[in-house]
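Undergrad: Input file: query-v5.cif. Contents: mmCIF, C-alpha atoms and all ligand atoms.
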data_start
loop_
_atom_site.label_atom_id
_atom_site.label_comp_id
_atom_site.auth_asym_id
_atom_site.auth_seq_id
_atom_site.Cartn_x
_atom_site.Cartn_y
_atom_site.Cartn_z
CA GLY Y 15 -23.02 46.34 -52.96
CA ILE Y 16 -20.28 48.09 -54.82
CA GLU Y 17 -19.00 46.48 -58.01
CA PRO Y 18 -15.23 46.47 -58.20
CA LEU Y 19 -14.28 48.10 -61.49
CA GLU Y 20 -11.81 46.63 -63.93
CA LEU Y 21 -9.99 49.78 -64.92
CA ALA Y 22 -8.61 51.62 -61.93
CA VAL Y 23 -5.03 51.52 -60.96
CA CYS Y 24 -3.53 51.33 -64.41
CA ALA Y 25 -6.18 53.24 -66.33
CA PRO Y 26 -4.87 54.39 -69.70
CA LEU Y 27 -3.98 58.06 -69.96
CA ALA Y 28 -6.99 58.75 -72.16
CA GLU Y 29 -9.17 57.94 -69.15
CA ALA Y 30 -7.36 60.44 -66.95
CA PRO Y 31 -9.73 63.42 -67.22
CA GLN Y 32 -12.64 61.46 -65.79
CA TRP Y 33 -10.59 60.93 -62.61
CA GLN Y 34 -10.00 64.61 -62.10
CA THR Y 35 -13.09 65.24 -60.05
CA LYS Y 36 -12.87 67.76 -57.25
CA ARG Y 37 -12.65 64.95 -54.72
CA SER Y 38 -9.87 63.08 -56.50
CA SER Y 39 -7.78 66.22 -56.89
CA ARG Y 40 -8.20 66.82 -53.14
CA LYS Y 41 -6.74 63.37 -52.53
CA ASP Y 42 -3.77 64.21 -54.74
CA ASP Y 43 -3.35 67.54 -52.87
CA HIS Y 44 -3.26 65.71 -49.53
CA VAL Y 45 -0.53 63.35 -50.70
CA ARG Y 46 1.54 66.17 -52.23
CA LEU Y 47 1.26 68.43 -49.17
CA ALA Y 48 1.88 65.58 -46.69
CA LEU Y 49 5.00 64.61 -48.64
CA GLN Y 50 6.21 68.22 -48.34
CA GLN Y 51 5.71 68.12 -44.57
CA HIS Y 52 7.82 64.99 -44.33
CA GLU Y 53 10.70 66.22 -46.50
CA GLN Y 54 12.83 66.76 -43.41
CA GLU Y 55 12.47 64.77 -40.24
CA ALA Y 56 11.19 67.19 -37.61
CA SER Y 57 11.73 66.97 -33.89
CA ASN Y 58 8.59 66.24 -31.88
CA ALA Y 59 7.39 65.16 -28.44
CA PHE Y 60 8.93 61.68 -28.80
CA ASP Y 61 12.24 63.54 -28.30
CA ASP Y 62 11.05 64.53 -24.79
CA VAL Y 63 11.07 60.86 -23.76
CA ARG Y 64 14.19 58.90 -22.83
CA PHE Y 65 14.61 55.39 -21.49
CA MET Y 66 16.64 54.85 -18.33
CA HIS Y 67 19.41 52.51 -19.40
CA HIS Y 68 20.00 49.43 -17.25
CA ALA Y 69 23.37 47.82 -17.94
CA LEU Y 70 22.50 44.24 -17.04
CA CYS Y 71 18.84 43.75 -17.88
CA GLY Y 72 19.22 42.74 -21.53
CA VAL Y 73 17.59 39.64 -22.99
CA SER Y 74 18.53 37.59 -26.05
CA VAL Y 75 17.39 39.12 -29.34
CA SER Y 76 16.47 35.59 -30.42
CA GLN Y 77 14.00 35.32 -27.52
CA VAL Y 78 12.18 38.57 -28.26
CA ASP Y 79 8.52 38.10 -29.14
CA THR Y 80 7.12 41.06 -31.09
CA THR Y 81 3.55 39.79 -31.41
CA THR Y 82 0.57 41.81 -30.26
CA THR Y 83 -3.21 41.53 -30.39
CA VAL Y 84 -5.30 44.17 -32.14
CA CYS Y 85 -9.08 43.91 -32.54
CA GLY Y 86 -8.89 40.28 -31.47
CA SER Y 87 -6.30 39.33 -34.12
CA ARG Y 88 -2.72 38.35 -33.47
CA TRP Y 89 -0.15 40.43 -35.37
CA GLU Y 90 3.48 39.37 -35.80
CA LEU Y 91 4.64 43.00 -35.58
CA PRO Y 92 3.25 45.83 -33.45
CA PHE Y 93 3.36 48.52 -36.14
CA TYR Y 94 1.30 49.07 -39.29
CA ILE Y 95 0.72 51.31 -42.28
CA ASN Y 96 -1.97 53.72 -41.13
CA ALA Y 97 -4.80 55.25 -43.16
CA MET Y 98 -3.88 57.47 -46.07
CA THR Y 99 -5.44 57.46 -49.43
CA GLY Y 100 -7.41 56.28 -52.48
CA GLY Y 101 -9.93 57.91 -54.78
CA SER Y 102 -7.76 59.05 -57.67
CA GLN Y 103 -5.55 57.34 -60.22
CA ARG Y 104 -2.31 58.30 -58.49
CA THR Y 105 -3.53 57.42 -55.00
CA GLY Y 106 -4.81 54.07 -56.30
CA SER Y 107 -1.27 53.24 -57.40
CA ILE Y 108 0.03 54.38 -54.01
CA ASN Y 109 -2.47 52.06 -52.27
CA ALA Y 110 -1.35 49.14 -54.45
CA ALA Y 111 2.32 49.80 -53.66
CA LEU Y 112 1.70 50.25 -49.90
CA ALA Y 113 -0.34 47.03 -49.83
CA ARG Y 114 2.36 45.05 -51.67
CA ALA Y 115 4.88 46.31 -49.09
CA ALA Y 116 2.51 45.30 -46.25
CA GLN Y 117 2.12 41.85 -47.82
CA ALA Y 118 5.87 41.39 -48.34
CA THR Y 119 6.64 42.29 -44.71
CA GLY Y 120 3.58 40.82 -42.99
CA ILE Y 121 2.30 44.04 -41.43
CA ALA Y 122 -1.26 45.35 -41.30
CA ILE Y 123 -2.47 48.20 -43.50
CA ALA Y 124 -5.35 50.69 -43.34
CA SER Y 125 -7.19 52.14 -46.31
CA GLY Y 126 -7.72 55.86 -46.68
CA SER Y 127 -11.25 57.20 -46.36
CA GLN Y 128 -13.52 55.23 -48.71
CA HIS Y 129 -16.18 57.96 -49.00
CA ALA Y 130 -15.18 58.66 -52.61
CA ALA Y 131 -15.88 55.06 -53.61
CA LEU Y 132 -19.15 54.93 -51.64
CA ARG Y 133 -20.37 57.94 -53.63
CA ASP Y 134 -18.87 56.90 -56.98
CA PRO Y 135 -18.39 53.13 -57.44
CA ALA Y 136 -16.09 53.84 -60.41
CA LEU Y 137 -13.45 54.79 -57.83
CA ALA Y 138 -13.73 51.52 -55.86
CA ALA Y 139 -10.78 49.95 -57.66
CA THR Y 140 -8.42 52.55 -56.20
CA PHE Y 141 -9.25 51.03 -52.78
CA THR Y 142 -9.80 47.35 -53.64
CA ALA Y 143 -6.19 47.40 -54.87
CA ILE Y 144 -5.31 47.11 -51.16
CA ARG Y 145 -7.07 43.78 -50.70
CA GLU Y 146 -5.91 42.52 -54.08
CA GLN Y 147 -2.28 43.10 -53.09
CA SER Y 148 -2.42 42.16 -49.41
CA GLN Y 149 -3.90 39.03 -47.85
CA GLY Y 150 -3.03 40.20 -44.32
CA PHE Y 151 -4.90 42.38 -41.84
CA VAL Y 152 -6.70 45.27 -43.57
CA PHE Y 153 -8.67 48.14 -41.99
CA ALA Y 154 -11.51 49.76 -43.92
CA ASN Y 155 -11.91 53.51 -43.27
CA VAL Y 156 -14.90 55.86 -43.11
CA GLY Y 157 -15.87 59.02 -41.26
CA PRO Y 158 -18.69 59.35 -38.73
CA THR Y 159 -20.97 60.88 -41.36
CA VAL Y 160 -21.67 57.66 -43.29
CA THR Y 161 -24.77 55.58 -42.73
CA PRO Y 162 -24.39 52.19 -41.02
CA ARG Y 163 -25.15 50.59 -44.39
CA GLN Y 164 -22.33 52.53 -46.09
CA ALA Y 165 -19.94 51.54 -43.29
CA ALA Y 166 -20.80 47.88 -43.89
CA GLN Y 167 -20.28 48.44 -47.64
CA ALA Y 168 -16.82 49.89 -46.96
CA VAL Y 169 -15.91 46.78 -44.96
CA ALA Y 170 -17.24 44.47 -47.68
CA MET Y 171 -15.41 46.42 -50.41
CA LEU Y 172 -12.07 45.43 -48.86
CA ASN Y 173 -13.14 42.24 -47.12
CA ALA Y 174 -11.66 44.12 -44.18
CA ASN Y 175 -10.70 42.65 -40.80
CA ALA Y 176 -11.67 45.81 -38.90
CA LEU Y 177 -13.13 49.25 -39.57
CA GLN Y 178 -11.53 52.58 -38.72
CA ILE Y 179 -13.81 55.57 -38.17
CA HIS Y 180 -11.79 58.77 -38.50
CA VAL Y 181 -12.82 61.79 -36.41
CA ASN Y 182 -11.20 64.84 -37.94
CA LEU Y 183 -13.00 67.85 -36.47
CA ALA Y 184 -10.07 70.27 -36.77
CA GLN Y 185 -9.43 69.23 -40.38
CA GLU Y 186 -13.09 69.75 -41.35
CA ILE Y 187 -13.00 73.24 -39.83
CA VAL Y 188 -9.97 74.33 -41.86
CA MET Y 189 -10.92 72.39 -45.04
CA PRO Y 190 -12.52 74.85 -47.48
CA GLU Y 191 -15.24 72.30 -48.39
CA GLY Y 192 -15.40 70.80 -44.86
CA ASN Y 193 -18.41 69.82 -42.74
CA ARG Y 194 -19.84 72.33 -40.32
CA ASP Y 195 -22.15 70.18 -38.17
CA PHE Y 196 -20.50 67.72 -35.78
CA SER Y 197 -23.35 67.40 -33.31
CA ASP Y 198 -24.46 63.93 -34.39
CA TRP Y 199 -21.03 62.23 -34.52
CA PRO Y 200 -21.40 60.32 -31.20
CA GLN Y 201 -24.82 58.97 -32.23
CA ARG Y 202 -23.54 57.98 -35.65
CA ILE Y 203 -20.52 56.19 -34.22
CA CYS Y 204 -22.92 54.17 -32.04
CA GLU Y 205 -25.02 53.22 -35.06
CA ILE Y 206 -21.97 52.23 -37.13
CA ILE Y 207 -20.67 50.01 -34.32
CA ALA Y 208 -24.07 48.30 -34.07
CA ALA Y 209 -24.06 47.56 -37.82
CA SER Y 210 -20.39 46.74 -38.35
CA PRO Y 211 -19.63 43.07 -39.01
CA VAL Y 212 -16.03 43.59 -37.79
CA PRO Y 213 -14.38 45.36 -34.80
CA VAL Y 214 -14.32 49.16 -34.91
CA VAL Y 215 -11.39 51.47 -34.19
CA VAL Y 216 -12.07 55.18 -33.75
CA LYS Y 217 -9.05 57.25 -34.75
CA GLU Y 218 -7.97 60.86 -34.88
CA VAL Y 219 -6.00 62.12 -37.87
CA GLY Y 220 -3.11 63.89 -36.12
CA PHE Y 221 -4.73 66.18 -33.53
CA GLY Y 222 -4.85 63.63 -30.69
CA MET Y 223 -7.42 62.03 -28.39
CA SER Y 224 -7.81 63.34 -24.86
CA ARG Y 225 -8.68 61.06 -21.98
CA ARG Y 226 -12.14 62.66 -22.02
CA SER Y 227 -12.59 61.67 -25.68
CA VAL Y 228 -11.51 58.10 -24.99
CA GLU Y 229 -13.92 57.87 -22.04
CA GLN Y 230 -16.74 59.22 -24.22
CA LEU Y 231 -15.91 56.68 -26.92
CA ALA Y 232 -15.78 53.87 -24.36
CA ALA Y 233 -19.28 54.84 -23.23
CA LEU Y 234 -20.42 54.59 -26.87
CA GLY Y 235 -19.14 51.00 -27.01
CA VAL Y 236 -15.79 51.64 -28.72
CA ARG Y 237 -13.16 49.08 -27.68
CA THR Y 238 -10.11 50.34 -29.61
CA VAL Y 239 -8.95 53.93 -30.08
CA ASP Y 240 -6.01 55.23 -32.14
CA VAL Y 241 -5.01 58.49 -30.42
CA SER Y 242 -3.24 59.76 -33.58
CA GLY Y 243 -1.66 62.86 -32.07
CA ARG Y 244 0.27 65.90 -33.16
CA GLY Y 245 3.91 65.63 -34.20
CA GLY Y 246 3.82 64.33 -37.76
CA THR Y 247 1.35 65.04 -40.56
CA ASP Y 248 -0.55 68.26 -39.76
CA PHE Y 249 -3.92 68.42 -41.50
CA ALA Y 250 -4.61 71.96 -40.28
CA ALA Y 251 -1.50 73.09 -42.18
CA ILE Y 252 -2.44 70.93 -45.20
CA GLU Y 253 -5.95 72.40 -45.43
CA ASN Y 254 -4.63 75.92 -44.86
CA SER Y 255 -2.36 75.42 -47.88
CA ARG Y 256 -5.46 74.57 -49.92
CA ARG Y 257 -7.05 77.94 -49.00
CA THR Y 258 -6.11 81.03 -50.96
CA ALA Y 259 -5.71 83.22 -47.88
CA ARG Y 260 -4.72 80.64 -45.22
CA GLU Y 261 -7.46 82.14 -43.01
CA TYR Y 262 -7.01 79.56 -40.27
CA GLY Y 263 -3.20 79.69 -40.33
CA TYR Y 264 -3.18 80.12 -36.56
CA LEU Y 265 -4.55 76.57 -36.22
CA ASP Y 266 -1.39 75.02 -37.68
CA GLY Y 267 -0.01 72.77 -34.96
CA TRP Y 268 -3.42 72.36 -33.26
CA GLY Y 269 -3.89 69.44 -30.91
CA GLN Y 270 -1.78 67.46 -28.47
CA SER Y 271 1.17 65.22 -29.10
CA THR Y 272 0.92 61.46 -29.33
CA VAL Y 273 3.13 61.11 -26.25
CA LEU Y 274 0.89 63.43 -24.20
CA CYS Y 275 -2.21 61.52 -25.39
CA LEU Y 276 -0.69 58.24 -24.27
CA LEU Y 277 0.29 59.67 -20.87
CA ASP Y 278 -3.19 61.18 -20.47
CA CYS Y 279 -5.21 58.15 -21.62
CA LEU Y 280 -3.19 55.57 -19.81
CA SER Y 281 -3.21 57.41 -16.50
CA ALA Y 282 -6.76 56.10 -16.04
CA PRO Y 283 -7.35 52.35 -16.21
CA SER Y 284 -9.84 51.43 -18.90
CA ASP Y 285 -10.83 48.46 -21.00
CA VAL Y 286 -10.22 50.37 -24.22
CA ASP Y 287 -7.19 49.21 -26.23
CA ILE Y 288 -5.03 52.15 -27.26
CA LEU Y 289 -3.22 52.35 -30.59
CA ALA Y 290 -0.68 55.12 -31.16
CA SER Y 291 0.08 57.15 -34.27
CA GLY Y 292 1.12 60.65 -35.25
CA GLY Y 293 4.74 61.62 -35.78
CA VAL Y 294 6.25 58.13 -35.57
CA ARG Y 295 9.61 58.42 -37.38
CA ASN Y 296 11.71 55.44 -36.32
CA PRO Y 297 11.71 52.20 -34.30
CA LEU Y 298 12.56 54.10 -31.08
CA ASP Y 299 9.30 56.09 -31.42
CA VAL Y 300 7.50 52.74 -31.84
CA VAL Y 301 9.11 51.36 -28.69
CA ILE Y 302 8.31 54.52 -26.68
CA SER Y 303 4.65 54.25 -27.74
CA LEU Y 304 4.51 50.59 -26.73
CA ALA Y 305 6.21 51.37 -23.41
CA LEU Y 306 3.52 54.01 -22.81
CA GLY Y 307 0.89 51.30 -23.24
CA ALA Y 308 -0.07 51.28 -26.91
CA LYS Y 309 -0.94 47.84 -28.33
CA ALA Y 310 0.37 48.81 -31.78
CA VAL Y 311 1.69 51.83 -33.62
CA GLY Y 312 0.51 53.34 -36.93
CA VAL Y 313 2.77 55.11 -39.39
CA SER Y 314 1.55 57.21 -42.32
CA GLY Y 315 3.64 60.21 -43.36
CA HIS Y 316 7.06 58.61 -42.85
CA PHE Y 317 6.21 55.50 -44.88
CA LEU Y 318 4.64 57.63 -47.63
CA ARG Y 319 7.86 59.65 -47.83
CA VAL Y 320 9.97 56.47 -48.00
CA LEU Y 321 7.77 55.12 -50.80
CA GLU Y 322 8.18 58.39 -52.71
CA ASP Y 323 11.97 58.58 -52.22
CA ARG Y 324 13.03 54.94 -52.41
CA GLY Y 325 10.15 53.19 -54.16
CA GLU Y 326 8.32 50.06 -53.16
CA ALA Y 327 11.48 47.95 -52.64
CA GLY Y 328 12.87 50.74 -50.45
CA LEU Y 329 9.72 50.70 -48.32
CA VAL Y 330 9.96 46.92 -47.93
CA ASP Y 331 13.61 47.31 -46.80
CA GLU Y 332 12.61 50.06 -44.36
CA ILE Y 333 9.84 47.98 -42.77
CA ASN Y 334 12.08 44.90 -42.49
CA SER Y 335 14.80 47.04 -40.97
CA TRP Y 336 12.33 48.50 -38.43
CA ALA Y 337 11.29 44.95 -37.46
CA GLU Y 338 14.91 43.98 -36.85
CA GLN Y 339 15.69 47.18 -34.92
CA LEU Y 340 12.54 46.70 -32.84
CA ARG Y 341 13.80 43.29 -31.68
CA SER Y 342 17.21 44.83 -30.84
CA LEU Y 343 15.65 47.70 -28.87
CA MET Y 344 13.42 45.30 -26.94
CA ALA Y 345 16.47 43.20 -26.02
CA LEU Y 346 18.31 46.38 -24.97
CA LEU Y 347 15.40 47.25 -22.67
CA GLY Y 348 15.10 43.74 -21.24
CA ALA Y 349 11.66 43.19 -22.77
CA SER Y 350 10.94 39.70 -24.14
CA THR Y 351 7.39 40.71 -25.00
CA VAL Y 352 5.59 43.87 -26.08
CA ALA Y 353 3.78 43.94 -22.71
CA ASP Y 354 7.17 43.76 -20.88
CA LEU Y 355 8.06 47.14 -22.40
CA GLN Y 356 5.60 48.74 -19.98
CA HIS Y 357 8.05 47.93 -17.15
CA ALA Y 358 10.79 50.04 -18.76
CA ASP Y 359 11.73 53.22 -16.88
CA LEU Y 360 10.97 56.39 -18.81
CA LEU Y 361 12.37 59.86 -18.24
CA LEU Y 362 10.28 62.81 -19.37
CA GLY Y 363 11.52 66.31 -20.22
CA GLY Y 364 10.75 69.45 -22.20
CA THR Y 365 7.28 70.69 -23.07
CA THR Y 366 5.87 67.20 -22.62
CA LEU Y 367 6.89 67.18 -18.95
CA GLU Y 368 5.37 70.65 -18.42
CA GLN Y 369 2.10 69.63 -20.08
CA ALA Y 370 1.96 66.27 -18.32
CA THR Y 371 2.50 68.05 -14.99
CA LEU Y 372 -0.34 70.47 -15.78
CA LEU Y 373 -2.62 67.52 -16.57
CA GLY Y 374 -1.40 65.65 -13.49
CA VAL Y 375 -0.34 62.66 -15.59
CA ASP Y 376 3.47 62.86 -15.32
C1 LIG Y 401 -3.92 60.65 -43.77
N1 LIG Y 401 -4.68 60.28 -42.66
C2 LIG Y 401 -5.96 59.78 -42.83
N2 LIG Y 401 -6.62 59.18 -41.80
C3 LIG Y 401 -7.84 58.63 -41.98
O1 LIG Y 401 -8.37 58.05 -41.04
N3 LIG Y 401 -8.44 58.67 -43.22
C4 LIG Y 401 -7.84 59.25 -44.30
O2 LIG Y 401 -8.38 59.26 -45.39
C5 LIG Y 401 -6.55 59.83 -44.12
N4 LIG Y 401 -5.90 60.44 -45.16
C6 LIG Y 401 -4.56 60.76 -45.04
C7 LIG Y 401 -3.83 61.13 -46.16
C8 LIG Y 401 -2.46 61.34 -46.06
C9 LIG Y 401 -1.69 61.72 -47.29
C10 LIG Y 401 -1.80 61.21 -44.81
C11 LIG Y 401 -0.32 61.42 -44.67
C12 LIG Y 401 -2.54 60.88 -43.69
C13 LIG Y 401 -4.17 60.46 -41.27
C14 LIG Y 401 -3.25 59.33 -40.81
O3 LIG Y 401 -3.94 58.09 -40.75
C15 LIG Y 401 -2.65 59.66 -39.44
O4 LIG Y 401 -3.68 59.70 -38.48
C16 LIG Y 401 -1.89 60.98 -39.43
O5 LIG Y 401 -1.29 61.19 -40.68
C17 LIG Y 401 -0.80 61.05 -38.38
O6 LIG Y 401 0.21 60.08 -38.61
P1 LIG Y 401 1.63 60.43 -39.30
O7 LIG Y 401 1.38 60.81 -40.72
O8 LIG Y 401 2.22 61.56 -38.53
O9 LIG Y 401 2.40 59.14 -39.20
#
As structure tokens, what does this structure read like?
TA:
Amino acid sequence: GIEPLELAVCAPLAEAPQWQTKRSSRKDDHVRLALQQHEQEASNAFDDVRFMHHALCGVSVSQVDTTTTVCGSRWELPFYINAMTGGSQRTGSINAALARAAQATGIAIASGSQHAALRDPALAATFTAIREQSQGFVFANVGPTVTPRQAAQAVAMLNANALQIHVNLAQEIVMPEGNRDFSDWPQRICEIIAASPVPVVVKEVGFGMSRRSVEQLAALGVRTVDVSGRGGTDFAAIENSRRTAREYGYLDGWGQSTVLCLLDCLSAPSDVDILASGGVRNPLDVVISLALGAKAVGVSGHFLRVLEDRGEAGLVDEINSWAEQLRSLMALLGASTVADLQHADLLLGGTTLEQATLLGVD
């Protein structure tokens, strides 16, 4: 197994150079460039969705039940801090702060990709900070290139409740040091599921999951998929910024929106639980995702930006405020439970309506 290291999150400055490996500076680049993308709140496909207002269908805020079930566990709130980071000194501190905010508010949190720590155990402490700070639901995170044994190590490293496998094809293509062979991903996902001691979630990283992808994953034995669509953090743009000539600049904005993914996936009945993420900016986006059938909603870029701007206490306030607004919005829509939200009437417009019509899922 991997020995958790003492040093880590608060390593003295003299230790700093040893952290500046190529991989750890990539992690710092990702955080810096993602923060830039979230400087201003952008419009996205969630703006193409409106709820039909019904004047008399409200319920009491005090009766609203926000619980949901993800990977067999009951969560008090149907939103969570989605996968981001770890692997460098700065990102270790970010993980510790995110995890303290998750603990203070009772929401689940996902680790960033743990590959760095699997290759170099000295970096493990930048991830184990998550479990040290949060006793709640924690997702471990790996890509489909790890061995089943490494996947189990990643789970053990965090004593994780579930394992996320990120599939990030478009990012790898644009990433200067990215993978070039994706042919064995389905087989590897199968092997990881067979070896994982905890439930597995397969997630995108902001390019979206088509219905075809979800059906393929279901056939591989995957029971929970996070569609993580376009609309928020754009890893094609991030990796283009890390190239000197932005060769793949035309891929910025690749993929389909989270809303379109939800419409597409949920148009066909399936026993796969769907999680939503990608471009979630506020509690209304959460409620729209739940109304479109998601069991829970992940937030990365927005929460990272709040942490940067307002610090850890500001992030705790933001999450608590979202929880309160979520209960209000559910009462407004006459939903006493998360599942009730699926009876709300939605109106679709804009590009999302055009695309949904093309796909026959409007
Ligand atoms: C990510 N994301 C991500 N996902 C993953 O599975 N493993 C990872 O290591 C990372 N790393 C990462 C770093 C940073 C800085 C960000 C902002 C995001 C992707 C993330 O989980 C999510 O799928 C997308 O960011 C889309 O959601 P948002 O950011 O639009 O809410």
Undergrad: Select from chain Y every residue with an atom at most 6 Å from any atom of ligand LIG 401 (chain Y), then for each give the shortest pair of atoms and their distance in Å to one decimal, using all atoms listed in the file, rows by chain and rising number, as a Markdown table.
TA:
| residue | atom | partner | partner_atom | distance |
| --- | --- | --- | --- | --- |
| Y:His44 | CA | Y:LIG401 | C9 | 4.8 |
| Y:Val45 | CA | Y:LIG401 | C9 | 4.0 |
| Y:Ala48 | CA | Y:LIG401 | C11 | 5.1 |
| Y:Asn96 | CA | Y:LIG401 | O3 | 4.8 |
| Y:Ala97 | CA | Y:LIG401 | O3 | 3.8 |
| Y:Met98 | CA | Y:LIG401 | C6 | 3.5 |
| Y:Thr99 | CA | Y:LIG401 | C7 | 5.2 |
| Y:Gly126 | CA | Y:LIG401 | O2 | 3.7 |
| Y:Ser127 | CA | Y:LIG401 | O2 | 3.7 |
| Y:His180 | CA | Y:LIG401 | O1 | 4.3 |
| Y:Glu218 | CA | Y:LIG401 | O4 | 5.7 |
| Y:Val219 | CA | Y:LIG401 | O4 | 3.4 |
| Y:Gly220 | CA | Y:LIG401 | C17 | 4.3 |
| Y:Ser242 | CA | Y:LIG401 | O4 | 4.9 |
| Y:Gly246 | CA | Y:LIG401 | O8 | 3.3 |
| Y:Thr247 | CA | Y:LIG401 | O8 | 4.1 |
| Y:Ser291 | CA | Y:LIG401 | O6 | 5.2 |
| Y:Gly292 | CA | Y:LIG401 | O6 | 3.5 |
| Y:Gly293 | CA | Y:LIG401 | O8 | 3.7 |
| Y:Val294 | CA | Y:LIG401 | O9 | 5.4 |
| Y:Val313 | CA | Y:LIG401 | O9 | 4.1 |
| Y:Ser314 | CA | Y:LIG401 | O9 | 3.8 |
| Y:Gly315 | CA | Y:LIG401 | O7 | 3.5 |
| Y:His316 | CA | Y:LIG401 | O9 | 5.9 |
Undergrad: Would you list the contacts of Y:Ala154 as a list in words, taking every protein, DNA or RNA residue within 6 Å and counting only C-alpha atoms, but skipping same-chain residues closer than 3 positions in sequence?
TA: Ser125, Val169, Ala174, Leu177 and Gln178 of chain Y
Undergrad: Let me make sure I understand: among Y:Leu280, Y:Val215, Y:Leu340, Y:Val301, which one has the smallest atom-to-atom distance to Y:Ala358 if we use all atoms listed in the file?
TA: Y:Val301
Undergrad: Dig up all the protein and nucleic acid residues within 12 Å of (-20.5, 67.2, -43.6) in the file frame, using only C-alpha atoms, and format them as a list of chain:residue names.
TA: Y:His129, Y:Gly157, Y:Pro158, Y:Thr159, Y:Val160, Y:Val181, Y:Asn182, Y:Leu183, Y:Gln185, Y:Glu186, Y:Ile187, Y:Met189, Y:Pro190, Y:Glu191, Y:Gly192, Y:Asn193, Y:Arg194, Y:Asp195, Y:Phe196, Y:Ser197, Y:Asp198, Y:Trp199
Undergrad: Determine, counting all atoms listed in the file, every residue of protein, DNA or RNA that lies within 9 Å of (-16.2, 63.6, -51.8) in the file coordinates, then give the result as a ChimeraX atom specification.
TA: /Y:35-38,40,101,129-131,133-134
Undergrad: Atom CA of Y:Gly150 and atom CA of Y:Ala118 are how many Å apart?
TA: 9.8 Å
Undergrad: Give the answer as one residue: which of Y:Ala139, Y:Leu234, Y:Ile206, Y:Ala110 has the shortest atom-to-atom distance to Y:Val156, using all atoms listed in the file?
TA: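 Under the stated criterion, the closest residue is Y:Ile206.
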Undergrad: Using only C-alpha atoms, which protein or nucleic acid residues come within 9 Å of Y:Cys71? Drop anything in the same chain fewer than 2 positions from it, and give the result as a list of chain:residue names.
TA: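 Listed by chain and then number, they are Y:His67, Y:His68, Y:Ala69, Y:Val73, Y:Ala345, Y:Leu346, Y:Leu347, Y:Gly348, Y:Ala349.
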Undergrad: Skipping near chain neighbours, those fewer than 3 positions away, what residues fall within 7 Å of stretch 270-274 of chain Y using only C-alpha atoms, listed as an NGL selection string?
TA: :Y and (59-60 or 221-222 or 241-245 or 277-278 or 290-292 or 366 or 370)
Undergrad: State, in Å with one decimal place, the distance from atom CA of Y:Val152 to atom CA of Y:Ala176.
TA: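 That distance, rounded to one decimal, is 6.8 Å.
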Undergrad: I'd like the contact shell of Y:Ile121 - 8 Å cut-off, all atoms listed in the file, skipping same-chain residues fewer than 5 positions apart - returned as a list in words.
TA: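 Surrounding residues, per the criterion: Trp89, Glu90, Leu91, Phe93, Tyr94, Ile95, Ala116, Gly150 and Phe151 of chain Y.
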Undergrad: What is the atom CA of Y:Arg226 to atom CA of Y:Arg64 distance in Å?
TA: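 About the pair atom CA of Y:Arg226 and atom CA of Y:Arg64: they are 26.6 Å apart.
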Undergrad: Quick one: everything within 12 Å of Y:Leu343, counting all atoms listed in the file, minus sequence neighbours fewer than 6 positions away in the same chain. Send it as an NGL selection string.
TA: :Y and (65 or 67 or 72-75 or 78-80 or 296-302 or 304-305 or 336-337 or 349-352 or 355 or 358)
Undergrad: Determine the nearest neighbour of Y:Glu326 from the options Y:Arg114, Y:Arg295, Y:Arg46, Y:Arg104, counting only C-alpha atoms.
TA: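 Among the listed residues, the smallest separation from Y:Glu326 belongs to Y:Arg114.
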Undergrad: Closest to Y:Val311 among Y:Ser107, Y:Ser76, Y:Ala122, Y:Ala250, using only C-alpha atoms?
TA: Y:Ala122
